[in-house]
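Participant: Before I ask anything, here is the structure I am working with.
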2 protein chains.
Amino acid sequence: MRISQKLAQAHSSPNPPPATFSFEFFVPKTSQGVQNLYDRMDRMYDLNPIFIDITWNAGGRSSSLTNDMVYTAQSTLGLETCMHLTCTNMKVELIDEALQKAYASGCENILALRGDPPLDGSESTGDFKYAKDLIAYIRKNYGDHFNIGVAAYPEGHPEEDLDDLILEYLKEKCDVGADFIITQMFYDADNFILWCDRLRKIGITIPIIPGIMPISTYAAFMRRAKWSEIAIPQHFLDALEPIKDDDFAVRQKGTELVSEMCQKLIDSGHIKHLHFYTMNLERSTIMVLERLNLIEPAKSHEIVGGAELPWRKSLHPSRSKESIRPIFWQNRKFSYITRTATWDEFPNGRWGDSRSPAFGDIDLCATELLRQSPKKAYDLWGSPKSLQDFSKIIILYLQGDLKSLPWSDGPIGDDSAAIIDNLISLNKKGFFTMNSQPSLNAVESSNKIYGWGPKNGYVYQKQYLEFLCHKDTLAKLLDQIDTFNNLKGDNTSSVISYYAVDKLGSLTTNCEEDEINAVTWGVFPGEEILQPTIVERTSFLAWKDEVYRLFTEWVKIFQSNILEIEKSEADEFVNFITKFSDDFVLCNLVSNNFIDENQTIFKLIDALETPDL
Amino acid sequence: MRISQKLAQAHSSPNPPPATFSFEFFVPKTSQGVQNLYDRMDRMYDLNPIFIDITWNAGGRSSSLTNDMVYTAQSTLGLETCMHLTCTNMKVELIDEALQKAYASGCENILALRGDPPLDGSESTGDFKYAKDLIAYIRKNYGDHFNIGVAAYPEGHPEEDLDDLILEYLKEKCDVGADFIITQMFYDADNFILWCDRLRKIGITIPIIPGIMPISTYAAFMRRAKWSEIAIPQHFLDALEPIKDDDFAVRQKGTELVSEMCQKLIDSGHIKHLHFYTMNLERSTIMVLERLNLIEPAKSHEIVGGAELPWRKSLHPSRSKESIRPIFWQNRKFSYITRTATWDEFPNGRWGDSRSPAFGDIDLCATELLRQSPKKAYDLWGSPKSLQDFSKIIILYLQGDLKSLPWSDGPIGDDSAAIIDNLISLNKKGFFTMNSQPSLNAVESSNKIYGWGPKNGYVYQKQYLEFLCHKDTLAKLLDQIDTFNNLKGDNTSSVISYYAVDKLGSLTTNCEEDEINAVTWGVFPGEEILQPTIVERTSFLAWKDEVYRLFTEWVKIFQSNILEIEKSEADEFVNFITKFSDDFVLCNLVSNNFIDENQTIFKLIDALETPDL
């Protein structure tokens, strides 16, 4: 959606917030850096920014990384994105390519910039001289598709001494079609407010969005202010100079100072939205937002209620109708989006229609699969050499002491809290849990932990458990389940549905070939029933390939020399994981009785009386 | 589905019935007769026959009526149908046309008959001489699409004296591809069993289905036996002759005799299925079935639980995926099927996809609209001349004392029992109820009254009420509802959704343009959520046209001279109904809160304190 529209919506709601906010990220230099930034952007999504922006990867290097990040932010992370685009030294073909890619990703916002002139002081080359030329070009070729932002300099432009001339340039940019203004950083609120007054006086009416640079360390604060040639108010210096060697104290004080400044801007009536230069960090920005009461302190990760669907909705145009996904990739949205990227459409979000062409083969590279560099993987998960080691890693993850697992991109969710003890107990017994959800019966859609969808609705879940366990144990468990089902129903309406498949693809199931089991759904006023999460065969078999491939990739790390560890340690790990993936079967269970559900799945496994490892 | 397959399924189930059964109907001579027969077939659907068959409308008259009835049985009534087809005196083009139409209707069963020879004793003309020629032709041109039945004569063929020759002819028919045998009527069970033995001995292995003719009156019984040249066992005569003038006693005794005979057939082990020659009547057949314990006595109309969907599923091939319908035509499936007959497909049963091309215009003729002949309509509903009269008719219907209304093809359903008092009270106050359903929260899918869908599931409903009321009263009611909604939610999630539209199409609603509200849905083990009934705008507007058109058609009956009543009576009726349809608005209400529902809609209307008429 266009930023102007999102701002207008946010501020015309019945209880508008005092101000909304957005985050700027720059393109990292390494691919692991990109991976880590995605994780950070993913977390910061929960703060509910109106948009994020991604800087243009200028300076002669390939700009495709900016386009890649815009695609991922829109498609996988569901973040409304604004793409920076500089025109200096750029051929029109390159500009077109960047705009086309942004368009295809569903991006509707461009920050049109001139960009830095050549360092040797020569004139810019390329087809555009000024940002206003770029704006005119975008308007001519893309009509109103893109919302266009422009930069502005409340304390003067480094290259231009005449204040009035600077304002004239800005007015020109507005006149050729800019929709909003994002300013350079500053710390002098009074000067900024006067500057806003001047803008309004010369007829600039579009939203002015101040660029806010939080203070993390004294050195960085001083360096950036100097580099941007902006004034630092005396009370900033007075407060920070005495504590400049204490990073923690600087950040605390800096948060106070920046928050006061922001509050002044809001109180002036000119400003309803704050744009944070995050410098790809999250802490200092979050501290300012908390102090301004624009987010709930410390609860920021729990805001699930209010989401449109239980999983993050993609903003990619071809996926806009997508409303059903298999549960298996619940904790691996990056690989899910990659695998299904070539699907033409998600007609009405119906699963059945889009299953064919089915899941792309796994051609993800190793780092995309493990989502960690080899060293980071080793730091996180070490080298498990026994079932006990393996179990301990998963239990650490369940307890919140490990931030990811090879098969889970992020930390354990709050919605697992209710069953965490059961999960830990299972892992102690050699049932290595991969994914799970408790049953829910008519929980209000506004519920902070489990809720999603429109107000006044109800959401439901069937209990789901996915795990790896030894093939012999599994045979016993499935016998037990068959007996249980025979007591409760008949074959066509099993109370517990199961799929179990080993590395080679040998499948055991009590489900029909085309069975599609809705395991999460919601009922809302004046709506069709939404059923966003399902379990079914084709996708489970694709997921099986991915799971066992994760083990293979993990082994490869240890077989290479990257880790610089003892060969004996590497060998032990490789032998263990190899045997493990041969002997352990991937299994999922759904308890279909969500009404009287009383942790049936856990009870059935307990009844096996498997000893602890 | 093919009859062979349905029989095999029914008898290989874990608890097979002692015998299954089917019904034969013949093509009535008048269009009102056809209409009435549809209603009867519709009721007899609830007895759960394996199939029904429709006789060939032979004898030189157009045979298209047979094809029409096959289409209606398959598409509208959802009855698995077997079409009779006689080949004597038939050109191959006509045979092809009949088979093509049957094919297009989703009919997969043909009873291939020779047909009666010309009455003047001459040789048959046409492209086929014997039934076996027809069978061979069907197999050659349609492969295995059609299941083919053949006739057989357990007591000899009227035209052939040699028993062995008759069996040889039957064997020939089987050898060219017959799938099952339906026999001529008979009453001598012992002879029939011996005959079955002979068939098996000469290598006939396909199912033998005895044709059973229940006894309704003594005269008809004797006449048919004589006409078919079959033996009447002495104990039949001994039992019936003394009571021949007492039709009631004959039917009772006849039921005993025929049931005994059927039991003997079942006990012989040869017979697992009984085919009833209903003579387009239902009572005598039902009495035999009850006595054989093949249906539950007197409860036959209540068997709703066990249905695949809450409305009757169509067996027409292009509608096989249809799984969503608007609630408005709930009591008028004939006009719904007609209106939507040209829809190309029902992709995955999704409503959204098939809404365009939308509902066909009403081009139904008057009798199709009112589904009654003018005289029958007058007998049923008289000539209401005031709101009080109008109210009384609807109350009679609600109490079960009237079998239909202009806008409801059949009697009030058992699922309305819970709210019948509320409905009566509304009609007394000038809210003329058209359609309604109570709210349901997780009722078991096996529930006899409300259940549908697979076992071990749960079904849900939102409270729904549709009625006509005076435009002034309606304005007050909608105000009340708006106030109620404002207390409970906000505009986007109204607790009560409403649509109200007058004859001219002026619409008042609190729903979005494209809103689709699921009002009936079910959750089942290993299945997607099914949401078979919805409320939405486009279909409601089409339904409005139909409702007001019903009044126009009703008026036309009184403006013609058909009824032979006083002009003053006719005028009074016409004036009343004309003014009524000008002043009364069609309105529907959905209470979206199905969890805590406590008859909110009734309470809101009660709160208006409208006096009784």
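Ligands are numbered from 1 in the order shown, chains are lettered A, B, ... in the order of the structure tokens, and residues start at 1 in each chain.
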With DSSP run on the backbone, what are the alpha helix (DSSP H) residues within segment 444-546 of chain B? I'd like them as a PyMOL selection string.
Facilitator: chain B and resi 471-488+537-546
Participant: The selected residues should be written to file as a PDB file, in the first residue's frame (atoms: C-alpha atoms).
Facilitator:
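And here's selection_30.pdb as it stands now:
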```pdb
ATOM      1  CA  LYS B 471     -41.359  -0.250   5.632  1.00  0.00           C
ATOM      2  CA  ASP B 472     -42.090   1.990   8.637  1.00  0.00           C
ATOM      3  CA  THR B 473     -41.644  -0.801  11.146  1.00  0.00           C
ATOM      4  CA  LEU B 474     -38.453  -1.820   9.404  1.00  0.00           C
ATOM      5  CA  ALA B 475     -36.951   1.652   9.726  1.00  0.00           C
ATOM      6  CA  LYS B 476     -37.463   1.460  13.499  1.00  0.00           C
ATOM      7  CA  LEU B 477     -36.010  -2.035  13.671  1.00  0.00           C
ATOM      8  CA  LEU B 478     -32.868  -1.099  11.759  1.00  0.00           C
ATOM      9  CA  ASP B 479     -32.340   1.896  14.067  1.00  0.00           C
ATOM     10  CA  GLN B 480     -32.571  -0.447  17.016  1.00  0.00           C
ATOM     11  CA  ILE B 481     -30.067  -2.813  15.412  1.00  0.00           C
ATOM     12  CA  ASP B 482     -27.609   0.000  14.666  1.00  0.00           C
ATOM     13  CA  THR B 483     -27.765   1.066  18.295  1.00  0.00           C
ATOM     14  CA  PHE B 484     -27.245  -2.510  19.451  1.00  0.00           C
ATOM     15  CA  ASN B 485     -24.263  -2.966  17.116  1.00  0.00           C
ATOM     16  CA  ASN B 486     -22.653   0.266  18.254  1.00  0.00           C
ATOM     17  CA  LEU B 487     -22.763  -0.974  21.822  1.00  0.00           C
ATOM     18  CA  LYS B 488     -21.254  -4.316  20.881  1.00  0.00           C
ATOM     19  CA  ARG B 537     -25.715  -9.243  -1.580  1.00  0.00           C
ATOM     20  CA  THR B 538     -25.882 -10.307  -5.237  1.00  0.00           C
ATOM     21  CA  SER B 539     -27.858 -13.447  -4.581  1.00  0.00           C
ATOM     22  CA  PHE B 540     -30.147 -11.670  -2.115  1.00  0.00           C
ATOM     23  CA  LEU B 541     -31.091  -9.134  -4.788  1.00  0.00           C
ATOM     24  CA  ALA B 542     -31.854 -11.972  -7.222  1.00  0.00           C
ATOM     25  CA  TRP B 543     -33.933 -13.630  -4.531  1.00  0.00           C
ATOM     26  CA  LYS B 544     -35.823 -10.372  -3.942  1.00  0.00           C
ATOM     27  CA  ASP B 545     -36.858 -10.360  -7.596  1.00  0.00           C
ATOM     28  CA  GLU B 546     -38.142 -13.889  -7.223  1.00  0.00           C
TER      29      GLU B 546
END
```
Participant: Set the distance at 7 Å and use only C-alpha atoms: which residues neighbour Ala152 of chain A once local chain neighbours fewer than 6 positions away are removed? I'd like the list as a list in words.
Facilitator: Leu170, Ile181, Ile182, Thr183 and Gln184 of chain A
Participant: Got a sec: who's within 7 Å of Lys385 of chain A, counting only C-alpha atoms, leaving out chain neighbours fewer than 6 positions off, as a list of chain:residue names?
Facilitator: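 So, after excluding close chain neighbours, the residues are A:Glu572, A:Phe573, A:Phe576.
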Participant: May I have the selected residues written with all heavy atoms, as a short mmCIF file (atom, residue, chain, number, x, y, z; two decimals), in the first residue's frame?
Facilitator:
```
data_model
loop_
_atom_site.label_atom_id
_atom_site.label_comp_id
_atom_site.auth_asym_id
_atom_site.auth_seq_id
_atom_site.Cartn_x
_atom_site.Cartn_y
_atom_site.Cartn_z
N GLU A 572 32.70 -37.82 14.95
CA GLU A 572 31.67 -38.31 15.89
C GLU A 572 30.31 -37.71 15.55
O GLU A 572 29.30 -38.40 15.52
CB GLU A 572 32.05 -37.94 17.32
CG GLU A 572 32.74 -39.06 18.08
CD GLU A 572 32.83 -38.70 19.57
OE1 GLU A 572 33.73 -37.90 19.93
OE2 GLU A 572 31.99 -39.19 20.35
N PHE A 573 30.34 -36.39 15.28
CA PHE A 573 29.08 -35.72 14.92
C PHE A 573 28.49 -36.31 13.63
O PHE A 573 27.31 -36.66 13.56
CB PHE A 573 29.33 -34.21 14.75
CG PHE A 573 28.15 -33.49 14.16
CD1 PHE A 573 27.11 -33.07 14.97
CD2 PHE A 573 28.07 -33.24 12.78
CE1 PHE A 573 26.01 -32.42 14.42
CE2 PHE A 573 26.98 -32.61 12.24
CZ PHE A 573 25.94 -32.19 13.07
N PHE A 576 27.04 -39.71 14.12
CA PHE A 576 25.78 -39.69 14.87
C PHE A 576 24.62 -39.20 14.01
O PHE A 576 23.57 -39.84 13.89
CB PHE A 576 25.91 -38.81 16.12
CG PHE A 576 24.57 -38.48 16.73
CD1 PHE A 576 23.81 -39.48 17.34
CD2 PHE A 576 24.04 -37.20 16.64
CE1 PHE A 576 22.56 -39.18 17.88
CE2 PHE A 576 22.78 -36.91 17.16
CZ PHE A 576 22.05 -37.91 17.78
#
```
Participant: Could the residues of chain B within 9 Å of chain A, counting only C-alpha atoms, be given as a short mmCIF file (atom, residue, chain, number, x, y, z; two decimals) with N, CA and C atoms, in the first residue's frame, please?
Facilitator:
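Wrote selection27.cif, looks like this:
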```cif
data_model
loop_
_atom_site.label_atom_id
_atom_site.label_comp_id
_atom_site.auth_asym_id
_atom_site.auth_seq_id
_atom_site.Cartn_x
_atom_site.Cartn_y
_atom_site.Cartn_z
N PRO B 347 -16.01 -24.26 -9.16
CA PRO B 347 -14.63 -24.68 -8.89
C PRO B 347 -14.38 -24.83 -7.40
N ASN B 348 -14.02 -26.03 -7.04
CA ASN B 348 -13.83 -26.35 -5.63
C ASN B 348 -15.01 -25.91 -4.78
N ARG B 350 -16.21 -23.14 -4.59
CA ARG B 350 -16.06 -21.80 -4.04
C ARG B 350 -17.14 -20.89 -4.56
N GLY B 352 -17.19 -17.53 -4.38
CA GLY B 352 -16.67 -16.34 -5.02
C GLY B 352 -16.43 -16.52 -6.51
N ASP B 353 -15.89 -17.65 -6.89
CA ASP B 353 -15.52 -17.85 -8.28
C ASP B 353 -16.71 -18.01 -9.19
N ALA B 442 -21.27 -26.01 17.75
CA ALA B 442 -20.62 -27.31 17.92
C ALA B 442 -21.61 -28.42 18.24
N PRO B 454 -19.42 -35.86 7.57
CA PRO B 454 -18.85 -37.10 8.12
C PRO B 454 -19.00 -37.21 9.64
N LYS B 455 -18.82 -38.42 10.11
CA LYS B 455 -18.89 -38.70 11.54
C LYS B 455 -17.83 -37.95 12.33
N ASN B 456 -18.08 -37.85 13.63
CA ASN B 456 -17.11 -37.25 14.56
C ASN B 456 -16.80 -35.79 14.26
N GLY B 457 -17.71 -35.14 13.55
CA GLY B 457 -17.49 -33.73 13.26
C GLY B 457 -18.45 -32.86 14.08
N TYR B 458 -18.36 -31.57 13.87
CA TYR B 458 -19.23 -30.63 14.58
C TYR B 458 -19.79 -29.63 13.57
N LYS B 488 -21.96 -3.03 20.85
CA LYS B 488 -21.25 -4.32 20.88
C LYS B 488 -19.95 -4.33 20.09
N GLY B 489 -19.91 -3.60 19.01
CA GLY B 489 -18.71 -3.72 18.18
C GLY B 489 -18.48 -2.45 17.41
N ASP B 490 -17.88 -2.54 16.25
CA ASP B 490 -17.82 -1.37 15.40
C ASP B 490 -18.38 -1.75 14.04
N THR B 492 -17.23 -2.51 11.22
CA THR B 492 -16.67 -3.57 10.39
C THR B 492 -16.95 -4.95 10.96
N SER B 493 -17.53 -5.03 12.13
CA SER B 493 -17.75 -6.36 12.69
C SER B 493 -19.09 -6.37 13.42
N SER B 494 -20.11 -5.94 12.72
CA SER B 494 -21.44 -5.84 13.30
C SER B 494 -21.87 -7.17 13.89
N VAL B 495 -22.49 -7.12 15.03
CA VAL B 495 -22.96 -8.33 15.66
C VAL B 495 -24.21 -8.83 14.93
N ILE B 496 -25.07 -7.90 14.50
CA ILE B 496 -26.19 -8.27 13.64
C ILE B 496 -25.95 -7.68 12.25
N SER B 497 -25.86 -8.54 11.24
CA SER B 497 -25.76 -8.05 9.86
C SER B 497 -27.16 -8.01 9.28
N CYS B 511 -23.64 -4.16 5.51
CA CYS B 511 -22.58 -5.07 5.06
C CYS B 511 -21.83 -4.46 3.88
N GLU B 512 -20.59 -4.85 3.75
CA GLU B 512 -19.77 -4.40 2.64
C GLU B 512 -20.28 -5.01 1.33
N GLU B 515 -19.09 -8.62 0.82
CA GLU B 515 -19.08 -9.44 2.04
C GLU B 515 -19.81 -10.77 1.80
N ILE B 516 -19.18 -11.85 2.20
CA ILE B 516 -19.80 -13.16 2.11
C ILE B 516 -19.83 -13.73 3.52
N ASN B 517 -21.01 -13.88 4.06
CA ASN B 517 -21.14 -14.31 5.46
C ASN B 517 -21.51 -15.79 5.49
N ALA B 518 -20.61 -16.62 6.00
CA ALA B 518 -20.91 -18.05 6.15
C ALA B 518 -21.86 -18.20 7.34
N VAL B 519 -23.05 -18.78 7.13
CA VAL B 519 -24.01 -18.92 8.22
C VAL B 519 -24.21 -20.37 8.64
N TRP B 521 -21.67 -23.94 8.81
CA TRP B 521 -20.38 -24.55 8.48
C TRP B 521 -20.15 -25.76 9.36
N VAL B 523 -16.95 -28.68 10.87
CA VAL B 523 -15.54 -29.02 11.06
C VAL B 523 -15.48 -30.53 11.25
N PHE B 524 -14.65 -31.19 10.45
CA PHE B 524 -14.64 -32.66 10.45
C PHE B 524 -13.21 -33.18 10.52
N PRO B 525 -13.06 -34.42 11.06
CA PRO B 525 -11.71 -34.99 11.12
C PRO B 525 -11.10 -35.10 9.73
N GLY B 526 -9.87 -34.66 9.59
CA GLY B 526 -9.15 -34.83 8.34
C GLY B 526 -9.78 -34.13 7.15
N GLU B 527 -10.47 -33.02 7.38
CA GLU B 527 -11.14 -32.34 6.27
C GLU B 527 -10.89 -30.83 6.35
N GLU B 528 -11.07 -30.18 5.20
CA GLU B 528 -11.15 -28.73 5.22
C GLU B 528 -12.46 -28.34 5.90
N ILE B 529 -12.55 -27.09 6.35
CA ILE B 529 -13.80 -26.61 6.90
C ILE B 529 -14.80 -26.47 5.76
N LEU B 530 -15.98 -27.01 5.91
CA LEU B 530 -17.01 -26.84 4.89
C LEU B 530 -17.94 -25.72 5.32
N GLN B 531 -18.31 -24.86 4.36
CA GLN B 531 -19.21 -23.75 4.69
C GLN B 531 -20.30 -23.68 3.63
N ILE B 534 -24.36 -19.55 2.76
CA ILE B 534 -23.86 -18.20 2.94
C ILE B 534 -24.98 -17.18 2.73
N VAL B 535 -24.70 -15.94 3.17
CA VAL B 535 -25.58 -14.81 2.90
C VAL B 535 -24.73 -13.75 2.21
N GLU B 536 -25.17 -13.24 1.10
CA GLU B 536 -24.44 -12.14 0.46
C GLU B 536 -25.38 -11.36 -0.46
N VAL B 590 -28.69 -11.59 10.27
CA VAL B 590 -27.80 -12.65 10.74
C VAL B 590 -27.21 -12.20 12.07
N SER B 591 -27.33 -13.04 13.08
CA SER B 591 -26.66 -12.76 14.34
C SER B 591 -25.30 -13.45 14.30
N ASN B 592 -24.25 -12.64 14.28
CA ASN B 592 -22.91 -13.21 14.05
C ASN B 592 -22.32 -13.88 15.27
N ASN B 593 -22.86 -13.61 16.42
CA ASN B 593 -22.30 -14.21 17.63
C ASN B 593 -22.97 -15.55 17.91
N ILE B 595 -21.70 -18.05 19.47
CA ILE B 595 -21.20 -18.70 20.70
C ILE B 595 -22.13 -18.40 21.87
#
```
Participant: Quick one, how far is atom CA of His145 of chain A from atom CA of Ala8 of chain A?
Facilitator: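 About the pair atom CA of His145 of chain A and atom CA of Ala8 of chain A: they are 17.1 Å apart.
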Participant: Assign secondary structure with DSSP using the backbone only, and return the residues of segment 49-184 of chain A in strand (DSSP E or B) as a VMD selection string.
Facilitator: chain A and resid 51 to 54 81 to 86 109 to 113 147 to 152 180 to 184
Participant: Do you know which residues are at most 7 Å from Asp414 of chain B counting only C-alpha atoms, after dropping those on the same chain fewer than 2 positions away, and could you put them as a count of residues only?
Facilitator: 5
Participant: Could you check the closest approach to Leu94 of chain A for each of A:Asn422, A:Ser12, A:Asn67, A:Ser560 and tell me which residue wins, using only C-alpha atoms?
Facilitator: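 Closest to Leu94 of chain A of all the choices is A:Asn67.
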Participant: Please list as a PDB file with N, CA, C and O atoms, in the first residue's frame every residue within 6 Å of segment 172-178 of chain A, counting only C-alpha atoms and excluding residues in the same chain fewer than 5 positions away.
Facilitator:
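Resulting contents of selection01.pdb:
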```pdb
ATOM      1  N   LYS A 132      14.512  15.791  -8.964  1.00  0.00           N
ATOM      2  CA  LYS A 132      13.248  16.170  -9.613  1.00  0.00           C
ATOM      3  C   LYS A 132      13.106  15.541 -10.991  1.00  0.00           C
ATOM      4  O   LYS A 132      12.004  15.237 -11.440  1.00  0.00           O
ATOM      5  N   ALA A 136       9.966  13.122 -12.032  1.00  0.00           N
ATOM      6  CA  ALA A 136       9.177  13.343 -13.245  1.00  0.00           C
ATOM      7  C   ALA A 136       9.170  12.087 -14.107  1.00  0.00           C
ATOM      8  O   ALA A 136       8.143  11.700 -14.673  1.00  0.00           O
ATOM      9  N   ILE A 148       5.850   8.671  -3.987  1.00  0.00           N
ATOM     10  CA  ILE A 148       7.247   9.123  -4.095  1.00  0.00           C
ATOM     11  C   ILE A 148       7.622  10.044  -2.945  1.00  0.00           C
ATOM     12  O   ILE A 148       6.935  11.036  -2.684  1.00  0.00           O
ATOM     13  N   GLY A 149       8.677   9.663  -2.263  1.00  0.00           N
ATOM     14  CA  GLY A 149       9.205  10.499  -1.191  1.00  0.00           C
ATOM     15  C   GLY A 149      10.435  11.248  -1.665  1.00  0.00           C
ATOM     16  O   GLY A 149      11.108  10.824  -2.603  1.00  0.00           O
TER      17      GLY A 149
END
```
Participant: Pick out the residues sitting within 9 Å of Met185 of chain B, and hand them over as a PyMOL selection string; count only C-alpha atoms, and ignore anything fewer than 5 positions along from it in its own chain.
Facilitator: chain B and resi 153-154+210-213+225+228+230+277
Participant: Would you output that residue set with C-alpha atoms, as a short mmCIF file (atom, residue, chain, number, x, y, z; two decimals), in the first residue's frame?
Facilitator:
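Below is the file that was written, out.cif:
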```cif
data_model
loop_
_atom_site.label_atom_id
_atom_site.label_comp_id
_atom_site.auth_asym_id
_atom_site.auth_seq_id
_atom_site.Cartn_x
_atom_site.Cartn_y
_atom_site.Cartn_z
CA TYR B 153 -39.36 -62.85 -16.46
CA PRO B 154 -39.30 -65.35 -13.56
CA PRO B 210 -36.62 -58.76 -7.91
CA GLY B 211 -39.34 -56.34 -8.96
CA ILE B 212 -41.81 -56.00 -6.07
CA MET B 213 -45.35 -54.74 -6.61
CA ALA B 225 -51.40 -59.97 -12.02
CA SER B 228 -48.60 -59.71 -16.45
CA ILE B 230 -48.29 -64.23 -13.35
CA TYR B 277 -42.87 -50.72 -8.55
#
```
Participant: Give the answer as one residue: which of A:Ile605, A:Ile562, A:Leu167, A:Ile52 has the shortest atom-to-atom distance to Arg198 of chain A, using only C-alpha atoms?
Facilitator: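 Nearest candidate to Arg198 of chain A out of A:Ile605, A:Ile562, A:Leu167, A:Ile52: A:Leu167.
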Participant: Find the residue from A:Gln372, A:Asn561, A:Gln234, A:Thr66 that sits nearest to Asp39 of chain A; use only C-alpha atoms when measuring.
Facilitator: A:Gln372
Participant: Would you list the contacts of segment 32-36 of chain A as a PDB file with C-alpha atoms, in the first residue's frame, taking every protein, DNA or RNA residue within 12 Å and counting only C-alpha atoms, but skipping same-chain residues closer than 5 positions in sequence?
Facilitator:
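Written file, around_19.pdb:
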```
ATOM      1  CA  PHE A  25      17.700  -0.225   7.109  1.00  0.00           C
ATOM      2  CA  PHE A  26      20.798  -0.219   4.920  1.00  0.00           C
ATOM      3  CA  VAL A  27      22.062  -3.048   2.759  1.00  0.00           C
ATOM      4  CA  MET A  41      13.480  -6.913  10.461  1.00  0.00           C
ATOM      5  CA  ASP A  42      11.320  -9.933  11.183  1.00  0.00           C
ATOM      6  CA  ARG A  43      11.371  -9.169  14.903  1.00  0.00           C
ATOM      7  CA  ILE A  54      15.878   0.013   2.315  1.00  0.00           C
ATOM      8  CA  LEU A  65      20.819  -6.526  -3.464  1.00  0.00           C
ATOM      9  CA  THR A  66      18.504  -3.604  -2.690  1.00  0.00           C
ATOM     10  CA  ASP A  68      16.405  -8.540  -3.371  1.00  0.00           C
ATOM     11  CA  MET A  69      15.865  -7.063   0.062  1.00  0.00           C
ATOM     12  CA  VAL A  70      12.762  -5.197  -1.087  1.00  0.00           C
ATOM     13  CA  THR A  72      12.077 -10.359   0.773  1.00  0.00           C
ATOM     14  CA  ALA A  73      10.653  -7.579   2.936  1.00  0.00           C
ATOM     15  CA  ASN A 280      20.477  -1.822  11.351  1.00  0.00           C
ATOM     16  CA  LEU A 281      20.262  -1.938  15.151  1.00  0.00           C
ATOM     17  CA  PHE A 334      11.925 -18.061   4.128  1.00  0.00           C
ATOM     18  CA  THR A 367      23.257 -21.222   3.972  1.00  0.00           C
ATOM     19  CA  GLU A 368      19.703 -20.610   2.860  1.00  0.00           C
ATOM     20  CA  LEU A 369      18.755 -23.990   4.274  1.00  0.00           C
ATOM     21  CA  LEU A 370      20.497 -23.635   7.612  1.00  0.00           C
ATOM     22  CA  ARG A 371      20.058 -19.843   7.631  1.00  0.00           C
ATOM     23  CA  GLN A 372      23.306 -19.568   9.590  1.00  0.00           C
ATOM     24  CA  SER A 373      26.949 -19.399   8.671  1.00  0.00           C
ATOM     25  CA  PRO A 374      28.843 -22.612   9.518  1.00  0.00           C
ATOM     26  CA  LYS A 375      30.575 -20.922  12.449  1.00  0.00           C
ATOM     27  CA  LYS A 376      27.346 -19.465  13.789  1.00  0.00           C
ATOM     28  CA  ALA A 377      25.705 -22.881  13.444  1.00  0.00           C
ATOM     29  CA  ASP A 409      14.353 -19.876  11.988  1.00  0.00           C
ATOM     30  CA  GLY A 410      13.366 -17.987  15.103  1.00  0.00           C
TER      31      GLY A 410
END
```
Participant: If I take atom CA of Glu290 of chain B and atom CA of Asp245 of chain B, how far is one from the other in Å, to one decimal?
Facilitator: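 That distance, rounded to one decimal, is 24.4 Å.
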